[in-house]
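Asks: Pasting in a structure now, in structure tokens, and then I'll have a few things to ask.
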Amino acid sequence: MDAKFLPLKSVRNPRDLGGYVGADGRKIKDGLLLRTGTVSCITPEDAAFLQRYGVKTIIDLRSPAECLNRPDAAIEGIKDLHIPVSSRDRTKAGASLKELAELYKADPLAGFKHMLGTYQRMVTAEHSQKAFHQILTFLAEAEGGTIFHCSEGKDRTGMTAVLLLYLLGVDEETIRQDYLASGPALNDYRKKRDEEARANGESLIQRANLRSLGTVNNEYLDSALVAIEQNYGGMERFLAEEIAVTPDLRRKLQEKYLEK
């Protein structure tokens with residue numbers, strides 16, 4: 001099935017993971033697991049939609065500095081929980097065009113290479129591994145619907161979704177397609193960034209790097225999956241030994257989020 005987008009106007013890349021087929025042919029329940037970009041600028045109308053949709057918790061995966069700079073908007077009846085996947089913004093989502101221009105002015109593949117390294121670190125860094133464990137542990141006991149988000153809802157949110165969907169028994173190709181759906185979902189975001197860069201007189205090299213930083217790619221995800229295979233012997237061992245996913249935790253997640 002295609003990714004299920006939510007009708008939010010002020011939140012980028014908003015999706016419900018409900019409907020994907022998981023373990024034993026059981027579908028993920030609607031309205032319980034949502035992935036989005038930041039909700040820092042959410043409108044009252046979109047906030048009301050989330051309240052009606054049954055969202056009870058928003059997990060912010062961004063770094064402390066990003067949260068300080070653009071904190072989540074307070075929404076009545078919805079708890080905000082901060083679990084940073086990394087201690088700082090390695091995806092450069094919060095960097096200004098001026099900062100990015102200085103970093104990526106020579107090599108048109110610098111942004112692409114940076115993202116490969118970012119995904120590798122996201123699965124090998126101890127801080128990130130502990131964060132993924134916290135997220136999964138919380139979700140196993142969560143009440144109502146939960147949103148998890150980073151800045152644009154594609155990298156830290158994407159890897160969180162990859163691990164979660166795997167544990168729920170979703171097949172690997174569906175997991176990959178859900179991850180890749182962030183690409184077209186962020187077309188307008190990349191267009192705006194490119195227009196700003198062009199107006200600022202940035203070079204084609206710099207604009208190419210902006211596009212690499214502002215999207216998802218098979219290669220980004222594969223760099224994480226290869227790192228898991230090479231460093232830990234595969235996803236099952238990685239989840240058990242590095243993320244501390246016990247059989248009981250997996251069972252709780254499947255019982256909670258899969259239809260009977």
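FYI, nothing fancy with the structure tokens labels: chains A, B, ... in order, residues from 1 per chain, ligands from 1 as they appear.
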Could you pull out the strand (DSSP E or B) residues of stretch 47-241 of chain A, going by DSSP on the backbone, and write them as a list in words?

Replies: Val55, Lys56, Thr57, Ile58, Ile59, Asp60, Ile75, Ile78, Lys79, Asp80, Leu81, His82, Gly145, Thr146, Ile147, Phe148 and His149 of chain A

Asks: Write the residues of the preceding selection, restricted to all heavy atoms, as a compact mmCIF listing (two decimals), in the first residue's frame.

Replies:
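Resulting contents of selection_37.txt:
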```
# COMPACT_ATOMS: atom_id res chain seq x y z
N VAL A 55 -4.21 11.79 19.09
CA VAL A 55 -2.79 11.90 19.48
C VAL A 55 -2.69 12.32 20.94
O VAL A 55 -3.33 13.29 21.37
CB VAL A 55 -2.05 12.91 18.58
CG1 VAL A 55 -0.63 13.14 19.09
CG2 VAL A 55 -2.03 12.42 17.14
N LYS A 56 -1.89 11.61 21.70
CA LYS A 56 -1.70 11.91 23.11
C LYS A 56 -0.26 12.31 23.44
O LYS A 56 -0.02 12.96 24.45
CB LYS A 56 -2.08 10.70 23.97
CG LYS A 56 -3.55 10.31 23.88
CD LYS A 56 -4.45 11.45 24.33
CE LYS A 56 -5.93 11.07 24.26
NZ LYS A 56 -6.80 12.22 24.61
N THR A 57 0.69 11.91 22.57
CA THR A 57 2.10 12.20 22.83
C THR A 57 2.81 12.57 21.54
O THR A 57 2.55 11.96 20.49
CB THR A 57 2.83 11.00 23.47
OG1 THR A 57 2.13 10.57 24.63
CG2 THR A 57 4.26 11.38 23.86
N ILE A 58 3.69 13.55 21.62
CA ILE A 58 4.59 13.89 20.53
C ILE A 58 6.01 13.66 21.00
O ILE A 58 6.44 14.24 22.01
CB ILE A 58 4.41 15.36 20.07
CG1 ILE A 58 3.02 15.56 19.46
CG2 ILE A 58 5.50 15.75 19.07
CD1 ILE A 58 2.71 17.00 19.11
N ILE A 59 6.76 12.79 20.31
CA ILE A 59 8.16 12.53 20.64
C ILE A 59 9.03 13.35 19.69
O ILE A 59 9.00 13.15 18.48
CB ILE A 59 8.52 11.04 20.52
CG1 ILE A 59 7.63 10.18 21.39
CG2 ILE A 59 10.00 10.82 20.88
CD1 ILE A 59 7.90 8.68 21.26
N ASP A 60 9.80 14.26 20.26
CA ASP A 60 10.70 15.12 19.48
C ASP A 60 12.07 14.46 19.45
O ASP A 60 12.72 14.31 20.48
CB ASP A 60 10.77 16.50 20.14
CG ASP A 60 11.43 17.55 19.27
OD1 ASP A 60 12.20 17.17 18.36
OD2 ASP A 60 11.20 18.75 19.50
N ILE A 75 0.31 21.87 22.61
CA ILE A 75 -1.04 21.51 22.17
C ILE A 75 -1.77 20.92 23.36
O ILE A 75 -1.31 19.94 23.96
CB ILE A 75 -1.00 20.50 21.01
CG1 ILE A 75 -0.18 21.04 19.83
CG2 ILE A 75 -2.42 20.16 20.56
CD1 ILE A 75 0.01 20.04 18.70
N ILE A 78 -1.98 17.11 24.69
CA ILE A 78 -0.94 16.29 24.06
C ILE A 78 0.39 16.54 24.76
O ILE A 78 0.86 17.68 24.84
CB ILE A 78 -0.82 16.61 22.55
CG1 ILE A 78 -2.14 16.30 21.84
CG2 ILE A 78 0.32 15.79 21.93
CD1 ILE A 78 -2.12 16.58 20.35
N LYS A 79 0.99 15.48 25.25
CA LYS A 79 2.26 15.58 25.97
C LYS A 79 3.42 15.63 25.00
O LYS A 79 3.42 14.97 23.97
CB LYS A 79 2.39 14.35 26.89
CG LYS A 79 3.72 14.24 27.64
CD LYS A 79 3.69 13.06 28.60
CE LYS A 79 3.58 11.72 27.87
NZ LYS A 79 3.67 10.56 28.78
N ASP A 80 4.43 16.44 25.31
CA ASP A 80 5.63 16.53 24.48
C ASP A 80 6.79 15.83 25.20
O ASP A 80 7.09 16.14 26.36
CB ASP A 80 5.99 17.99 24.22
CG ASP A 80 6.92 18.15 23.02
OD1 ASP A 80 6.44 17.94 21.89
OD2 ASP A 80 8.11 18.47 23.21
N LEU A 81 7.43 14.91 24.50
CA LEU A 81 8.52 14.11 25.06
C LEU A 81 9.75 14.29 24.18
O LEU A 81 9.68 14.13 22.97
CB LEU A 81 8.10 12.64 25.11
CG LEU A 81 9.07 11.62 25.70
CD1 LEU A 81 9.35 11.92 27.16
CD2 LEU A 81 8.49 10.22 25.54
N HIS A 82 10.89 14.63 24.80
CA HIS A 82 12.11 14.87 24.02
C HIS A 82 13.06 13.69 24.17
O HIS A 82 13.56 13.40 25.26
CB HIS A 82 12.80 16.15 24.50
CG HIS A 82 13.99 16.53 23.69
ND1 HIS A 82 15.07 17.21 24.21
CD2 HIS A 82 14.27 16.32 22.38
CE1 HIS A 82 15.96 17.39 23.25
NE2 HIS A 82 15.50 16.86 22.15
N GLY A 145 -2.58 7.78 20.47
CA GLY A 145 -1.69 7.92 19.33
C GLY A 145 -0.42 8.67 19.68
O GLY A 145 -0.41 9.53 20.57
N THR A 146 0.66 8.33 18.98
CA THR A 146 1.95 8.97 19.20
C THR A 146 2.51 9.46 17.88
O THR A 146 2.54 8.73 16.89
CB THR A 146 2.96 8.01 19.84
OG1 THR A 146 2.45 7.53 21.09
CG2 THR A 146 4.30 8.70 20.09
N ILE A 147 2.98 10.71 17.87
CA ILE A 147 3.76 11.25 16.76
C ILE A 147 5.23 11.18 17.14
O ILE A 147 5.60 11.52 18.27
CB ILE A 147 3.39 12.73 16.48
CG1 ILE A 147 2.01 12.84 15.84
CG2 ILE A 147 4.44 13.39 15.58
CD1 ILE A 147 1.55 14.27 15.65
N PHE A 148 6.08 10.75 16.21
CA PHE A 148 7.52 10.94 16.40
C PHE A 148 8.03 11.75 15.22
O PHE A 148 7.64 11.52 14.09
CB PHE A 148 8.27 9.61 16.58
CG PHE A 148 8.05 8.57 15.51
CD1 PHE A 148 8.92 8.44 14.45
CD2 PHE A 148 6.96 7.70 15.58
CE1 PHE A 148 8.74 7.47 13.47
CE2 PHE A 148 6.76 6.72 14.61
CZ PHE A 148 7.65 6.61 13.55
N HIS A 149 8.87 12.72 15.52
CA HIS A 149 9.30 13.65 14.47
C HIS A 149 10.69 14.19 14.72
O HIS A 149 11.17 14.23 15.86
CB HIS A 149 8.31 14.83 14.37
CG HIS A 149 8.52 15.88 15.44
ND1 HIS A 149 9.47 16.88 15.31
CD2 HIS A 149 7.91 16.08 16.63
CE1 HIS A 149 9.43 17.65 16.38
NE2 HIS A 149 8.50 17.19 17.20
```

Asks: I need the residues of stretch 3-239 of chain A that end up classed as alpha helix (DSSP H) by DSSP on the backbone, written out as number ranges by chain.

Replies: A: 44-53, 64-69, 97-103, 110-124, 126-141, 156-167, 172-180, 182-185, 187-199, 204-213, 218-232, 235-237

Asks: Which of these residues is nearest to A:Asn231, using only C-alpha atoms: A:Ala140, A:Val123, A:Leu253, A:Ala74?

Replies: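 Closest residue, counting only C-alpha atoms: A:Val123.
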
Asks: Which residue is closest to A:Ile243? Choose from A:Gln129, A:Ser223, A:Asn217, A:Thr174 and count only C-alpha atoms.

Replies: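 Closest to A:Ile243 of all the choices is A:Gln129.
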
Asks: Which residues are near A:Gly31? Cut-off 7 Å, only C-alpha atoms, ignore same chain within fewer than 3 positions. Put them as a PyMOL selection string.

Replies: chain A and resi 16+18+53-54+145

Asks: Would you please work out which residue, of A:Cys150, A:Leu167, A:Asp46, A:Pro71, is nearest to A:Ala240 when using only C-alpha atoms?

Replies: A:Leu167

Asks: Restricting the calculation to only C-alpha atoms, which member of A:Glu242, A:Lys252, A:Leu109, A:Val226 is positioned closest to A:Lys130?

Replies: A:Glu242

Asks: Give me, as a list of chain:residue names, all polymer residues having an atom no more than 9 Å from A:Ala65, counting only C-alpha atoms and skipping those fewer than 2 positions away in the same chain.

Replies: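 Non-adjacent residues within range: A:Arg62, A:Ser63, A:Cys67, A:Leu68, A:Asn69, A:Arg70, A:Ser87, A:Arg88, A:Asp89.
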
Asks: How would the residues just picked look written out with N, CA and C atoms as a compact mmCIF listing (two decimals), in the first residue's frame?

Replies:
```txt
# COMPACT_ATOMS: atom_id res chain seq x y z
N ARG A 62 14.71 15.61 17.77
CA ARG A 62 15.74 16.57 17.41
C ARG A 62 16.74 16.79 18.54
N SER A 63 17.85 17.41 18.19
CA SER A 63 18.90 17.70 19.16
C SER A 63 18.42 18.78 20.13
N CYS A 67 15.71 21.97 19.42
CA CYS A 67 14.50 22.15 20.23
C CYS A 67 14.47 23.53 20.88
N LEU A 68 15.63 24.02 21.28
CA LEU A 68 15.71 25.35 21.89
C LEU A 68 15.42 26.42 20.85
N ASN A 69 15.93 26.22 19.64
CA ASN A 69 15.76 27.20 18.57
C ASN A 69 14.33 27.24 18.03
N ARG A 70 13.73 26.04 17.87
CA ARG A 70 12.37 25.95 17.34
C ARG A 70 11.58 24.92 18.15
N SER A 87 23.05 14.00 19.82
CA SER A 87 23.24 15.12 20.72
C SER A 87 23.32 16.45 19.99
N ARG A 88 23.56 16.38 18.67
CA ARG A 88 23.55 17.60 17.85
C ARG A 88 22.99 17.26 16.47
N ASP A 89 22.67 18.30 15.71
CA ASP A 89 22.02 18.10 14.41
C ASP A 89 23.04 17.70 13.36
```

Asks: What is the distance between atom CA of A:Glu141 and atom CA of A:Ala73, in Å to one decimal?

Replies: 23.9 Å

Asks: Between A:Lys29, A:His133, A:Arg15, A:Arg190, which residue has the minimum interatomic distance to A:Asn209, considering only C-alpha atoms?

Replies: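 That would be A:Arg190, the residue with the smallest distance to A:Asn209.
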